[in-house]
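Colleague: Contents of work05.txt (compact mmCIF, C-alpha atoms) are given next:
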```
# COMPACT_ATOMS: atom_id res chain seq x y z
CA MET A 1 112.10 105.22 89.20
CA TYR A 2 108.44 105.49 88.25
CA ILE A 3 107.27 108.26 85.95
CA ASP A 4 103.56 109.02 86.24
CA VAL A 5 101.96 109.28 82.81
CA ALA A 6 98.82 110.95 84.15
CA PRO A 7 99.30 114.27 85.95
CA CYS A 8 97.19 115.22 88.94
CA PRO A 9 93.95 117.02 88.15
CA GLY A 10 94.62 120.73 87.70
CA ARG A 11 98.34 120.25 87.11
CA GLU A 12 100.40 120.48 84.00
CA SER A 13 103.46 118.62 85.23
CA GLN A 14 103.73 114.94 85.96
CA LEU A 15 104.88 113.45 89.25
CA THR A 16 108.07 111.47 89.67
CA LEU A 17 108.58 108.99 92.46
CA ALA A 18 111.82 110.02 94.10
CA LYS A 19 114.10 107.48 95.67
CA ALA A 20 113.56 108.26 99.30
CA PRO A 21 116.57 107.86 101.55
CA GLY A 22 116.30 104.62 103.47
CA THR A 23 116.31 105.68 107.09
CA GLY A 24 114.94 102.33 108.21
CA SER A 25 115.55 98.86 106.86
CA TRP A 26 112.51 98.84 104.56
CA PRO A 27 114.48 99.03 101.29
CA ASN A 28 115.94 95.62 102.26
CA SER A 29 112.87 94.24 104.04
CA GLY A 30 112.26 91.39 101.60
CA PHE A 31 108.89 92.84 100.58
CA ASN A 32 108.87 94.55 97.19
CA VAL A 33 107.73 98.04 98.20
CA SER A 34 106.90 98.93 94.58
CA ILE A 35 103.84 96.64 94.83
CA HIS A 36 100.59 98.40 95.70
CA ALA A 37 99.70 97.04 99.13
CA ALA A 38 98.17 98.24 102.35
CA ILE A 39 98.01 96.85 105.85
CA ARG A 40 96.44 98.14 109.03
CA SER A 41 97.34 97.19 112.57
CA ALA A 42 95.83 98.98 115.57
CA ASP A 43 96.11 102.71 114.81
CA TRP A 44 98.72 102.25 112.06
CA LYS A 45 98.15 102.06 108.32
CA LEU A 46 101.01 101.31 105.94
CA LEU A 47 100.80 101.88 102.18
CA THR A 48 103.35 100.67 99.64
CA GLY A 49 103.71 101.27 95.93
CA TYR A 50 103.51 104.43 93.90
CA PRO A 51 101.40 106.85 95.96
CA GLY A 52 99.84 108.67 93.00
CA CYS A 53 98.76 112.25 93.27
CA ASP A 54 100.30 114.35 96.05
CA ARG A 55 97.10 116.29 96.54
CA TRP A 56 94.41 115.72 99.11
CA PHE A 57 90.81 115.91 97.96
CA PRO A 58 88.12 116.50 100.60
CA ARG A 59 85.06 114.29 100.77
CA PRO A 60 82.20 115.55 98.59
CA GLY A 61 80.28 118.26 100.40
CA GLN A 62 82.96 118.61 103.08
CA GLY A 63 85.39 121.02 101.47
CA ASN A 64 85.36 124.35 99.73
CA GLY A 65 86.02 122.72 96.33
CA THR A 66 89.77 123.30 96.30
CA GLU A 67 92.42 120.66 96.74
CA ALA A 68 95.22 120.99 99.24
CA SER A 69 98.73 119.68 98.78
CA ILE A 70 99.94 117.19 101.33
CA LYS A 71 103.41 117.63 102.76
CA ARG A 72 104.93 114.49 101.22
CA ASN A 73 108.23 115.51 99.80
CA PRO A 74 109.51 113.43 98.15
CA LEU A 75 106.69 111.05 97.29
CA LYS A 76 107.69 107.78 98.88
CA PRO A 77 106.96 104.13 98.05
CA VAL A 78 106.36 103.42 101.76
CA MET A 79 104.04 105.66 103.77
CA LEU A 80 102.87 105.22 107.35
CA PHE A 81 99.90 106.96 108.94
CA ASN A 82 98.39 107.01 112.41
CA ILE A 83 94.76 106.88 111.38
CA ASP A 84 93.45 107.45 114.90
CA GLN A 85 95.24 110.79 115.25
CA ASP A 86 95.23 111.60 111.52
CA PRO A 87 92.12 110.06 109.88
CA GLU A 88 92.62 112.10 106.69
CA GLU A 89 96.13 110.66 106.25
CA ARG A 90 97.83 114.02 105.83
CA THR A 91 100.91 113.38 108.02
CA GLU A 92 103.31 110.71 106.76
CA LEU A 93 105.25 109.13 109.67
CA SER A 94 107.53 106.41 108.24
CA ASP A 95 110.74 108.27 109.13
CA GLN A 96 109.64 108.81 112.75
CA TYR A 97 108.54 105.18 113.32
CA PRO A 98 110.87 102.87 111.35
CA SER A 99 110.23 99.94 113.72
CA VAL A 100 106.49 100.10 112.96
CA VAL A 101 107.27 100.18 109.23
CA ASP A 102 109.57 97.17 109.59
CA SER A 103 106.94 95.24 111.54
CA LEU A 104 104.15 95.95 109.05
CA LEU A 105 106.39 95.17 106.06
CA SER A 106 107.25 91.83 107.63
CA ARG A 107 103.50 91.11 107.98
CA LEU A 108 102.96 92.01 104.31
CA LEU A 109 105.81 89.68 103.34
CA HIS A 110 104.29 86.94 105.52
CA HIS A 111 100.91 87.29 103.76
CA GLN A 112 102.51 87.50 100.32
CA GLN A 113 104.54 84.31 100.85
CA ARG A 114 101.45 82.38 101.91
CA SER A 115 99.09 83.68 99.22
CA LYS A 116 97.93 81.54 96.33
CA PRO A 117 98.81 82.63 92.78
CA ILE A 118 96.10 84.15 90.66
CA ASN A 119 94.49 81.67 88.27
CA PHE A 120 93.23 83.20 85.05
CA PRO A 121 91.38 80.54 83.03
CA ASP A 122 91.80 80.38 79.27
CA ASP A 123 89.39 82.43 77.19
CA ASP A 124 86.23 80.52 76.26
CA PRO A 125 84.64 81.64 72.97
CA ARG A 126 81.24 80.50 74.29
CA CYS A 127 81.45 83.38 76.80
CA ASP A 128 81.42 86.06 74.09
CA PRO A 129 78.19 88.10 74.29
CA GLY A 130 78.57 89.15 70.67
CA PRO A 131 78.44 92.60 69.10
CA THR A 132 75.73 93.87 71.45
CA GLY A 133 77.87 93.30 74.54
CA ALA A 134 75.03 91.56 76.37
CA TRP A 135 73.40 88.15 76.48
CA GLY A 136 69.69 87.71 75.95
CA PRO A 137 66.79 87.00 75.78
CA TRP A 138 66.35 84.72 78.77
CA ALA A 139 62.61 84.17 78.52
```
Just give me the structure of the file as structure tokens.
Modeller:
Amino acid sequence: MYIDVAPCPGRESQLTLAKAPGTGSWPNSGFNVSIHAAIRSADWKLLTGYPGCDRWFPRPGQGNGTEASIKRNPLKPVMLFNIDQDPEERTELSDQYPSVVDSLLSRLLHHQQRSKPINFPDDDPRCDPGPTGAWGPWA
């Protein structure tokens, strides 16, 4: 279970990621759904990982300045949206379309298994810009 250490803006309490009942096979899909990932196929968009704040914030200049809560109860580590019919991603559909979730999770697993590991080179002291935080002069 993930405990959020940073509450949503305007809230005192912190959010807890509930263990959502596994109506489909995604808890055993092979893809670690606690990893932050997203995939889109046709009209579908699948998000995995801790979803963060359960509030929806309108685009700047498009709302009345107040946030609205999204009906996501409990917050789930796998969320599916039909972005053609719901471009603001307010209606979570993973329980209604488990076959779509399974298909997209299998694609995420496919990509993950074929990805190259991240290569972080060793620190090089010659790359330190010093106390100013910038290199210079170049003239």
Colleague: Would you kindly identify which residues have an atom no farther than 7 Å from (102.0, 107.5, 106.0), using only C-alpha atoms and the file's own coordinates, and write them out as a list in words?
Modeller: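 The distance filter leaves exactly Leu46, Leu47, Met79, Leu80, Phe81, Glu89, Thr91, Glu92, Leu93 and Ser94 of chain A.
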Colleague: I'd like the neighbourhood of Ala38 (chain A) as a ChimeraX atom specification, where a residue qualifies if any of its atoms comes within 12 Å (using all atoms listed in the file), though same-chain residues fewer than 3 positions away should be ignored.
Modeller: /A:33-35,41,44-51,77-81,101,104-105,107-109,111-112
Colleague: Next, the residues of the selection above should be written as a compact mmCIF listing (two decimals), in the coordinates of the input with C-alpha atoms.
Modeller:
```txt
# COMPACT_ATOMS: atom_id res chain seq x y z
CA VAL A 33 107.73 98.04 98.20
CA SER A 34 106.90 98.93 94.58
CA ILE A 35 103.84 96.64 94.83
CA SER A 41 97.34 97.19 112.57
CA TRP A 44 98.72 102.25 112.06
CA LYS A 45 98.15 102.06 108.32
CA LEU A 46 101.01 101.31 105.94
CA LEU A 47 100.80 101.88 102.18
CA THR A 48 103.35 100.67 99.64
CA GLY A 49 103.71 101.27 95.93
CA TYR A 50 103.51 104.43 93.90
CA PRO A 51 101.40 106.85 95.96
CA PRO A 77 106.96 104.13 98.05
CA VAL A 78 106.36 103.42 101.76
CA MET A 79 104.04 105.66 103.77
CA LEU A 80 102.87 105.22 107.35
CA PHE A 81 99.90 106.96 108.94
CA VAL A 101 107.27 100.18 109.23
CA LEU A 104 104.15 95.95 109.05
CA LEU A 105 106.39 95.17 106.06
CA ARG A 107 103.50 91.11 107.98
CA LEU A 108 102.96 92.01 104.31
CA LEU A 109 105.81 89.68 103.34
CA HIS A 111 100.91 87.29 103.76
CA GLN A 112 102.51 87.50 100.32
```
Colleague: Identify which of the residues A:Pro121, A:Asp128, A:His110, A:Arg40 lies closest to Asn82 (chain A), counting only C-alpha atoms when measuring atom-to-atom distances.
Modeller: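 With only C-alpha atoms as the atom set, the closest residue is A:Arg40.
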Colleague: With 5 Å added on each side, what axis-aligned box encloses every listed atom of region 95-103 of chain A? Give the centre and edge lengths in Å to one decimal, as lines of an AutoDock Vina configuration file.
Modeller:
```
center_x = 108.7
center_y = 102.0
center_z = 111.4
size_x = 14.4
size_y = 23.6
size_z = 14.6
```
Colleague: How many Å separate CA of Pro87 (chain A) from CA of Gly61 (chain A)?
Modeller: 17.2 Å
Colleague: If you measure from CA of Asn32 (chain A) to CA of Pro117 (chain A), what distance in Å do you get, rounded to one decimal?
Modeller: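 Answer for the CA of Asn32 (chain A) to CA of Pro117 (chain A) separation: 16.2 Å.
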Colleague: Record the distance separating CA of Asp43 (chain A) and CA of Lys76 (chain A), expressed in Å with one decimal.
Modeller: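 Computing the Euclidean distance for CA of Asp43 (chain A) and CA of Lys76 (chain A) yields 20.3 Å.
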Colleague: Compare A:Tyr97, A:Arg114, A:Ala42, A:Ser103 by their minimum atom-to-atom distance to Ile83 (chain A), counting all atoms listed in the file, and give me the closest one.
Modeller: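 Ranking A:Tyr97, A:Arg114, A:Ala42, A:Ser103 by distance to Ile83 (chain A), first place goes to A:Ala42.
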